[in-house]
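Quick notes on the structure that follows.
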Amino acid sequence: MIVESTEIKTAAFRKLFSNYPSHVDEIVEYHEKNAGVNRYEKFEYIYKKILKKGLDRKKMIELGKRFSELVVEEIKACPLVPGALEFLEKYSKILKLFIASSTPEEELRMIVKARGLKKYFAGIYGAPSKKSEITLRIMKKENASKDEVLFVGDSAADLSEAIRAGVPFIGRVKDPAARPFPEGVKTISDLNELDAVVEELLRGRR
């Protein structure tokens, strides 16, 4: 949600499974429909359900390493979501901001640090923990009620994790033609719009 990494990850899945030309389109489609899901869960599904092959721990580690090689440097350099830097600079001064990601935590922390964004966050958390688990852990640590939390995500999986945690959700929809959320879910197109939403929420608590 902070960087425009969606296309980078999609291209990485296509390249990672390019040795399976008769399956690669199906694999990419599965990945796109399950954005926000841990890459290792995707690997397990792809091998079991699409490739119909076994997947041992060694191969899983190799896939994860190769995927990181394909995406990390590009994500370090890709554009921020419009309004992201302005939002972080403004709200990190008055609210506690956290990252809950399906990216492996060590890799996530490296990317955030490399982009100079670490200073804006009170916590940076990634896989293997689920986003709902991370959210509940943060709430317990901060003694925060569900109406003091806002979960912002860009995938159907993010919405599901917010529901599991029992917290309000706002979805980012970059392409209205590919909206991943059901009707009734409040959405934004970028973090400039999130600024207005948060301002409204803060006014309601004053």
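Simple scheme: letters A, B, ... for chains in structure tokens order, numbers from 1 for residues in each chain, numbers from 1 for ligands in the order shown.
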
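Residues in contact with Pro128 (chain A) at 12 Å, where only C-alpha atoms are counted and same-chain residues fewer than 6 positions away are skipped, are listed as A:Val37, A:Asn38, A:Arg39, A:Tyr40, A:Glu41, A:Ala100, A:Ser101, A:Ser102, A:Thr103, A:Pro104, A:Glu105, A:Glu106, A:Glu107, A:Leu108, A:Ile134.
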
Just the selected residues (C-alpha atoms), exported as a compact mmCIF listing (two decimals), in the first residue's frame, please.
```
# COMPACT_ATOMS: atom_id res chain seq x y z
CA VAL A 37 -1.45 -13.80 0.40
CA ASN A 38 1.95 -15.03 1.58
CA ARG A 39 4.10 -16.11 -1.38
CA TYR A 40 4.87 -19.46 0.27
CA GLU A 41 1.18 -20.30 0.56
CA ALA A 100 1.42 -5.47 8.36
CA SER A 101 2.53 -7.29 5.23
CA SER A 102 2.58 -10.74 3.64
CA THR A 103 6.19 -10.07 2.61
CA PRO A 104 8.71 -12.00 4.75
CA GLU A 105 9.54 -9.72 7.68
CA GLU A 106 13.30 -9.60 7.22
CA GLU A 107 12.92 -8.70 3.55
CA LEU A 108 10.21 -6.15 4.38
CA ILE A 134 -0.28 -8.82 13.55
```

Non-local contacts of region 21-36 of chain A (12 Å; only C-alpha atoms; under 3 positions in same chain excluded) as number ranges by chain: A: 1, 5-18, 39-52, 100-104, 126-127, 130-131, 152-161, 178-181

Could you take the residues named above and write them with C-alpha atoms, as a PDB file, in the first residue's frame?
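Dumped everything to result-v5.pdb:
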```pdb
ATOM      1  CA  MET A   1       0.000   0.000   0.000  1.00  0.00           C
ATOM      2  CA  SER A   5       4.748  -3.107  -6.285  1.00  0.00           C
ATOM      3  CA  THR A   6       1.799  -5.043  -7.732  1.00  0.00           C
ATOM      4  CA  GLU A   7       3.077  -5.271 -11.310  1.00  0.00           C
ATOM      5  CA  ILE A   8       6.581  -6.139 -10.101  1.00  0.00           C
ATOM      6  CA  LYS A   9       5.304  -9.152  -8.166  1.00  0.00           C
ATOM      7  CA  THR A  10       3.071 -10.280 -11.032  1.00  0.00           C
ATOM      8  CA  ALA A  11       6.021 -10.174 -13.443  1.00  0.00           C
ATOM      9  CA  ALA A  12       8.103 -12.125 -10.934  1.00  0.00           C
ATOM     10  CA  PHE A  13       5.539 -14.937 -10.761  1.00  0.00           C
ATOM     11  CA  ARG A  14       5.432 -15.117 -14.540  1.00  0.00           C
ATOM     12  CA  LYS A  15       9.225 -15.336 -14.750  1.00  0.00           C
ATOM     13  CA  LEU A  16       9.535 -17.735 -11.806  1.00  0.00           C
ATOM     14  CA  PHE A  17       7.245 -20.252 -13.516  1.00  0.00           C
ATOM     15  CA  SER A  18       8.247 -19.559 -17.124  1.00  0.00           C
ATOM     16  CA  ARG A  39       4.098 -16.113  -1.377  1.00  0.00           C
ATOM     17  CA  TYR A  40       4.872 -19.464   0.266  1.00  0.00           C
ATOM     18  CA  GLU A  41       1.176 -20.299   0.557  1.00  0.00           C
ATOM     19  CA  LYS A  42       0.909 -19.506  -3.155  1.00  0.00           C
ATOM     20  CA  PHE A  43       3.835 -21.775  -3.995  1.00  0.00           C
ATOM     21  CA  GLU A  44       2.166 -24.648  -2.116  1.00  0.00           C
ATOM     22  CA  TYR A  45      -1.114 -24.131  -3.954  1.00  0.00           C
ATOM     23  CA  ILE A  46       0.558 -23.769  -7.360  1.00  0.00           C
ATOM     24  CA  TYR A  47       2.514 -27.006  -7.012  1.00  0.00           C
ATOM     25  CA  LYS A  48      -0.343 -29.017  -5.515  1.00  0.00           C
ATOM     26  CA  LYS A  49      -3.325 -27.736  -7.515  1.00  0.00           C
ATOM     27  CA  ILE A  50      -1.904 -26.408 -10.783  1.00  0.00           C
ATOM     28  CA  LEU A  51       1.364 -28.221 -11.474  1.00  0.00           C
ATOM     29  CA  LYS A  52       0.286 -31.407  -9.666  1.00  0.00           C
ATOM     30  CA  ALA A 100       1.416  -5.467   8.363  1.00  0.00           C
ATOM     31  CA  SER A 101       2.529  -7.288   5.228  1.00  0.00           C
ATOM     32  CA  SER A 102       2.575 -10.735   3.636  1.00  0.00           C
ATOM     33  CA  THR A 103       6.193 -10.074   2.608  1.00  0.00           C
ATOM     34  CA  PRO A 104       8.714 -12.000   4.749  1.00  0.00           C
ATOM     35  CA  GLY A 126       5.571  -9.340   7.966  1.00  0.00           C
ATOM     36  CA  ALA A 127       5.242 -13.050   7.219  1.00  0.00           C
ATOM     37  CA  LYS A 130      -0.947 -13.362   9.284  1.00  0.00           C
ATOM     38  CA  LYS A 131      -2.036  -9.739   8.992  1.00  0.00           C
ATOM     39  CA  VAL A 152      -5.882  -0.053   4.867  1.00  0.00           C
ATOM     40  CA  GLY A 153      -5.241  -2.639   2.152  1.00  0.00           C
ATOM     41  CA  ASP A 154      -5.460  -3.257  -1.568  1.00  0.00           C
ATOM     42  CA  SER A 155      -6.633  -6.855  -1.873  1.00  0.00           C
ATOM     43  CA  ALA A 156      -9.539  -9.127  -1.023  1.00  0.00           C
ATOM     44  CA  ALA A 157      -7.161 -10.989   1.290  1.00  0.00           C
ATOM     45  CA  ASP A 158      -6.552  -7.745   3.194  1.00  0.00           C
ATOM     46  CA  LEU A 159     -10.292  -7.281   3.670  1.00  0.00           C
ATOM     47  CA  SER A 160     -10.581 -10.839   4.990  1.00  0.00           C
ATOM     48  CA  GLU A 161      -7.740 -10.241   7.444  1.00  0.00           C
ATOM     49  CA  ALA A 178     -10.422  -4.534 -11.388  1.00  0.00           C
ATOM     50  CA  ARG A 179     -12.050  -3.687  -8.051  1.00  0.00           C
ATOM     51  CA  PRO A 180     -11.361  -6.622  -5.663  1.00  0.00           C
ATOM     52  CA  PHE A 181     -13.889  -5.576  -3.012  1.00  0.00           C
TER      53      PHE A 181
END
```

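Running DSSP on the backbone and keeping only strand (DSSP E or B), the residues of region 3-205 of chain A that qualify are Val3, Leu80, Phe98, Ile99, Ala100, Ser101, Ser102, Thr103, Pro104, Gly123, Ile124, Tyr125, Gly126, Ala127, Phe151, Val152, Gly153, Phe169, Ile170, Gly171, Arg172, Thr187 and Ile188 of chain A.
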
Could you give me, as a CSV table (one decimal) with N, CA and C atoms, in the first residue's frame, each residue of region 11-122 of chain A that DSSP assigns to alpha helix (DSSP H) when run on this structure's backbone?
```csv
chain,number,residue,atom,x,y,z
A,11,ALA,N,5.0,-9.8,-12.5
A,11,ALA,CA,6.0,-10.2,-13.4
A,11,ALA,C,7.0,-11.2,-12.9
A,12,ALA,N,7.2,-11.2,-11.6
A,12,ALA,CA,8.1,-12.1,-10.9
A,12,ALA,C,7.5,-13.5,-10.9
A,13,PHE,N,6.2,-13.6,-10.7
A,13,PHE,CA,5.5,-14.9,-10.8
A,13,PHE,C,5.6,-15.5,-12.2
A,14,ARG,N,5.4,-14.6,-13.2
A,14,ARG,CA,5.4,-15.1,-14.5
A,14,ARG,C,6.8,-15.6,-14.9
A,15,LYS,N,7.9,-14.9,-14.5
A,15,LYS,CA,9.2,-15.3,-14.7
A,15,LYS,C,9.6,-16.6,-13.9
A,16,LEU,N,9.2,-16.6,-12.7
A,16,LEU,CA,9.5,-17.7,-11.8
A,16,LEU,C,9.0,-19.1,-12.4
A,24,VAL,N,1.6,-21.2,-17.0
A,24,VAL,CA,2.0,-19.9,-16.5
A,24,VAL,C,0.9,-18.9,-16.4
A,25,ASP,N,0.0,-18.9,-17.4
A,25,ASP,CA,-1.1,-17.9,-17.4
A,25,ASP,C,-2.0,-18.2,-16.2
A,26,GLU,N,-2.3,-19.5,-16.0
A,26,GLU,CA,-3.2,-19.9,-14.8
A,26,GLU,C,-2.5,-19.5,-13.5
A,27,ILE,N,-1.2,-19.7,-13.4
A,27,ILE,CA,-0.4,-19.4,-12.2
A,27,ILE,C,-0.5,-17.9,-11.9
A,28,VAL,N,-0.3,-17.1,-13.0
A,28,VAL,CA,-0.4,-15.6,-12.8
A,28,VAL,C,-1.8,-15.2,-12.4
A,29,GLU,N,-2.8,-15.8,-13.0
A,29,GLU,CA,-4.2,-15.5,-12.7
A,29,GLU,C,-4.4,-15.8,-11.2
A,30,TYR,N,-4.0,-16.9,-10.8
A,30,TYR,CA,-4.1,-17.3,-9.4
A,30,TYR,C,-3.5,-16.3,-8.5
A,31,HIS,N,-2.2,-15.9,-8.8
A,31,HIS,CA,-1.5,-14.9,-8.0
A,31,HIS,C,-2.3,-13.6,-7.9
A,32,GLU,N,-2.8,-13.2,-9.1
A,32,GLU,CA,-3.5,-11.9,-9.1
A,32,GLU,C,-4.8,-11.9,-8.3
A,33,LYS,N,-5.4,-13.0,-8.3
A,33,LYS,CA,-6.7,-13.2,-7.6
A,33,LYS,C,-6.4,-13.3,-6.1
A,39,ARG,N,3.6,-15.5,-0.2
A,39,ARG,CA,4.1,-16.1,-1.4
A,39,ARG,C,4.3,-17.6,-1.2
A,40,TYR,N,4.6,-18.0,0.0
A,40,TYR,CA,4.9,-19.5,0.3
A,40,TYR,C,3.6,-20.3,0.2
A,41,GLU,N,2.5,-19.7,0.7
A,41,GLU,CA,1.2,-20.3,0.6
A,41,GLU,C,0.8,-20.4,-0.9
A,42,LYS,N,1.2,-19.4,-1.7
A,42,LYS,CA,0.9,-19.5,-3.2
A,42,LYS,C,1.7,-20.6,-3.8
A,43,PHE,N,3.0,-20.7,-3.4
A,43,PHE,CA,3.8,-21.8,-4.0
A,43,PHE,C,3.2,-23.1,-3.7
A,44,GLU,N,2.8,-23.4,-2.5
A,44,GLU,CA,2.2,-24.6,-2.1
A,44,GLU,C,0.9,-25.0,-3.0
A,45,TYR,N,0.1,-23.9,-3.1
A,45,TYR,CA,-1.1,-24.1,-4.0
A,45,TYR,C,-0.7,-24.4,-5.4
A,57,ARG,N,10.8,-28.9,1.2
A,57,ARG,CA,11.2,-27.7,1.8
A,57,ARG,C,12.4,-27.0,1.1
A,58,LYS,N,13.3,-27.8,0.5
A,58,LYS,CA,14.4,-27.3,-0.2
A,58,LYS,C,14.0,-26.5,-1.4
A,59,LYS,N,13.0,-27.1,-2.2
A,59,LYS,CA,12.5,-26.4,-3.3
A,59,LYS,C,11.7,-25.1,-2.9
A,60,MET,N,11.0,-25.2,-1.8
A,60,MET,CA,10.3,-24.0,-1.3
A,60,MET,C,11.2,-22.9,-1.0
A,61,ILE,N,12.3,-23.2,-0.4
A,61,ILE,CA,13.3,-22.2,0.0
A,61,ILE,C,14.0,-21.6,-1.3
A,62,GLU,N,14.2,-22.4,-2.3
A,62,GLU,CA,14.8,-22.0,-3.5
A,62,GLU,C,13.8,-21.0,-4.2
A,63,LEU,N,12.5,-21.3,-4.3
A,63,LEU,CA,11.6,-20.5,-4.9
A,63,LEU,C,11.5,-19.1,-4.2
A,64,GLY,N,11.5,-19.2,-2.8
A,64,GLY,CA,11.5,-17.9,-2.1
A,64,GLY,C,12.7,-17.0,-2.3
A,65,LYS,N,13.8,-17.7,-2.4
A,65,LYS,CA,15.1,-16.9,-2.7
A,65,LYS,C,15.0,-16.3,-4.1
A,66,ARG,N,14.6,-17.1,-5.1
A,66,ARG,CA,14.6,-16.6,-6.4
A,66,ARG,C,13.5,-15.5,-6.6
A,67,PHE,N,12.4,-15.6,-5.9
A,67,PHE,CA,11.4,-14.6,-6.0
A,67,PHE,C,11.9,-13.3,-5.4
A,68,SER,N,12.6,-13.4,-4.2
A,68,SER,CA,13.2,-12.2,-3.6
A,68,SER,C,14.2,-11.5,-4.6
A,69,GLU,N,15.0,-12.3,-5.3
A,69,GLU,CA,16.0,-11.8,-6.2
A,69,GLU,C,15.3,-11.0,-7.3
A,70,LEU,N,14.1,-11.5,-7.7
A,70,LEU,CA,13.4,-10.9,-8.8
A,70,LEU,C,12.7,-9.6,-8.4
A,71,VAL,N,12.3,-9.4,-7.1
A,71,VAL,CA,11.5,-8.3,-6.8
A,71,VAL,C,12.2,-7.2,-5.9
A,72,VAL,N,13.1,-7.6,-5.0
A,72,VAL,CA,13.6,-6.7,-4.0
A,72,VAL,C,14.2,-5.4,-4.5
A,73,GLU,N,15.1,-5.5,-5.5
A,73,GLU,CA,15.8,-4.3,-6.0
A,73,GLU,C,14.8,-3.4,-6.7
A,74,GLU,N,13.8,-4.0,-7.4
A,74,GLU,CA,12.8,-3.2,-8.1
A,74,GLU,C,11.9,-2.5,-7.2
A,75,ILE,N,11.5,-3.2,-6.1
A,75,ILE,CA,10.6,-2.6,-5.1
A,75,ILE,C,11.3,-1.4,-4.4
A,76,LYS,N,12.6,-1.6,-4.2
A,76,LYS,CA,13.4,-0.5,-3.6
A,76,LYS,C,13.4,0.8,-4.4
A,77,ALA,N,13.2,0.6,-5.7
A,77,ALA,CA,13.3,1.8,-6.6
A,77,ALA,C,11.9,2.2,-7.2
A,84,ALA,N,1.6,9.1,-0.7
A,84,ALA,CA,2.2,8.2,0.4
A,84,ALA,C,3.1,9.0,1.3
A,85,LEU,N,4.1,9.7,0.7
A,85,LEU,CA,5.1,10.4,1.5
A,85,LEU,C,4.4,11.5,2.3
A,86,GLU,N,3.6,12.3,1.7
A,86,GLU,CA,2.9,13.4,2.4
A,86,GLU,C,2.0,12.8,3.5
A,87,PHE,N,1.4,11.7,3.3
A,87,PHE,CA,0.6,11.1,4.4
A,87,PHE,C,1.4,10.7,5.5
A,88,LEU,N,2.5,10.0,5.2
A,88,LEU,CA,3.4,9.5,6.3
A,88,LEU,C,4.0,10.6,7.1
A,89,GLU,N,4.5,11.7,6.4
A,89,GLU,CA,5.1,12.8,7.1
A,89,GLU,C,4.1,13.5,8.0
A,90,LYS,N,2.8,13.6,7.6
A,90,LYS,CA,1.8,14.3,8.4
A,90,LYS,C,1.4,13.5,9.5
A,91,TYR,N,1.0,12.2,9.3
A,91,TYR,CA,0.3,11.4,10.3
A,91,TYR,C,1.2,10.7,11.2
A,105,GLU,N,9.2,-10.9,6.9
A,105,GLU,CA,9.5,-9.7,7.7
A,105,GLU,C,10.9,-9.2,7.5
A,106,GLU,N,11.9,-10.1,7.4
A,106,GLU,CA,13.3,-9.6,7.2
A,106,GLU,C,13.4,-8.8,5.9
A,107,GLU,N,12.9,-9.4,4.9
A,107,GLU,CA,12.9,-8.7,3.5
A,107,GLU,C,12.2,-7.4,3.6
A,108,LEU,N,11.0,-7.4,4.3
A,108,LEU,CA,10.2,-6.2,4.4
A,108,LEU,C,11.0,-5.1,5.1
A,109,ARG,N,11.6,-5.4,6.2
A,109,ARG,CA,12.4,-4.4,7.0
A,109,ARG,C,13.5,-3.8,6.1
A,110,MET,N,14.2,-4.7,5.4
A,110,MET,CA,15.3,-4.2,4.5
A,110,MET,C,14.8,-3.2,3.5
A,111,ILE,N,13.6,-3.5,2.9
A,111,ILE,CA,13.1,-2.6,1.8
A,111,ILE,C,12.7,-1.3,2.4
A,112,VAL,N,12.0,-1.3,3.6
A,112,VAL,CA,11.5,-0.1,4.2
A,112,VAL,C,12.7,0.8,4.6
A,113,LYS,N,13.8,0.1,5.2
A,113,LYS,CA,15.0,0.9,5.5
A,113,LYS,C,15.7,1.5,4.3
A,114,ALA,N,15.8,0.7,3.3
A,114,ALA,CA,16.5,1.1,2.1
A,114,ALA,C,15.7,2.3,1.4
```

One-decimal distance in Å that lies between CA of Arg172 (chain A) and CA of Glu199 (chain A): 17.0 Å

What are the closest atom pairs, with distances in Å to one decimal, for all residues of region 83-125 of chain A lying within 10 Å of region 137-149 of chain A? Consider only C-alpha atoms, order rows by chain and residue number, and present the result as a tab-separated table.
```
residue	atom	partner	partner_atom	distance
A:Lys96	CA	A:Glu142	CA	9.4
A:Leu97	CA	A:Val149	CA	9.9
A:Phe98	CA	A:Ile138	CA	8.5
A:Ala100	CA	A:Ile138	CA	9.8
A:Ala122	CA	A:Ile138	CA	9.9
A:Gly123	CA	A:Ile138	CA	8.5
A:Tyr125	CA	A:Ile138	CA	9.8
```

Contacts of region 186-194 of chain A at 7 Å (only C-alpha atoms; same-chain gap of 5+ positions) as an MDAnalysis selection string: chainID A and resid 81:84 87 170:174
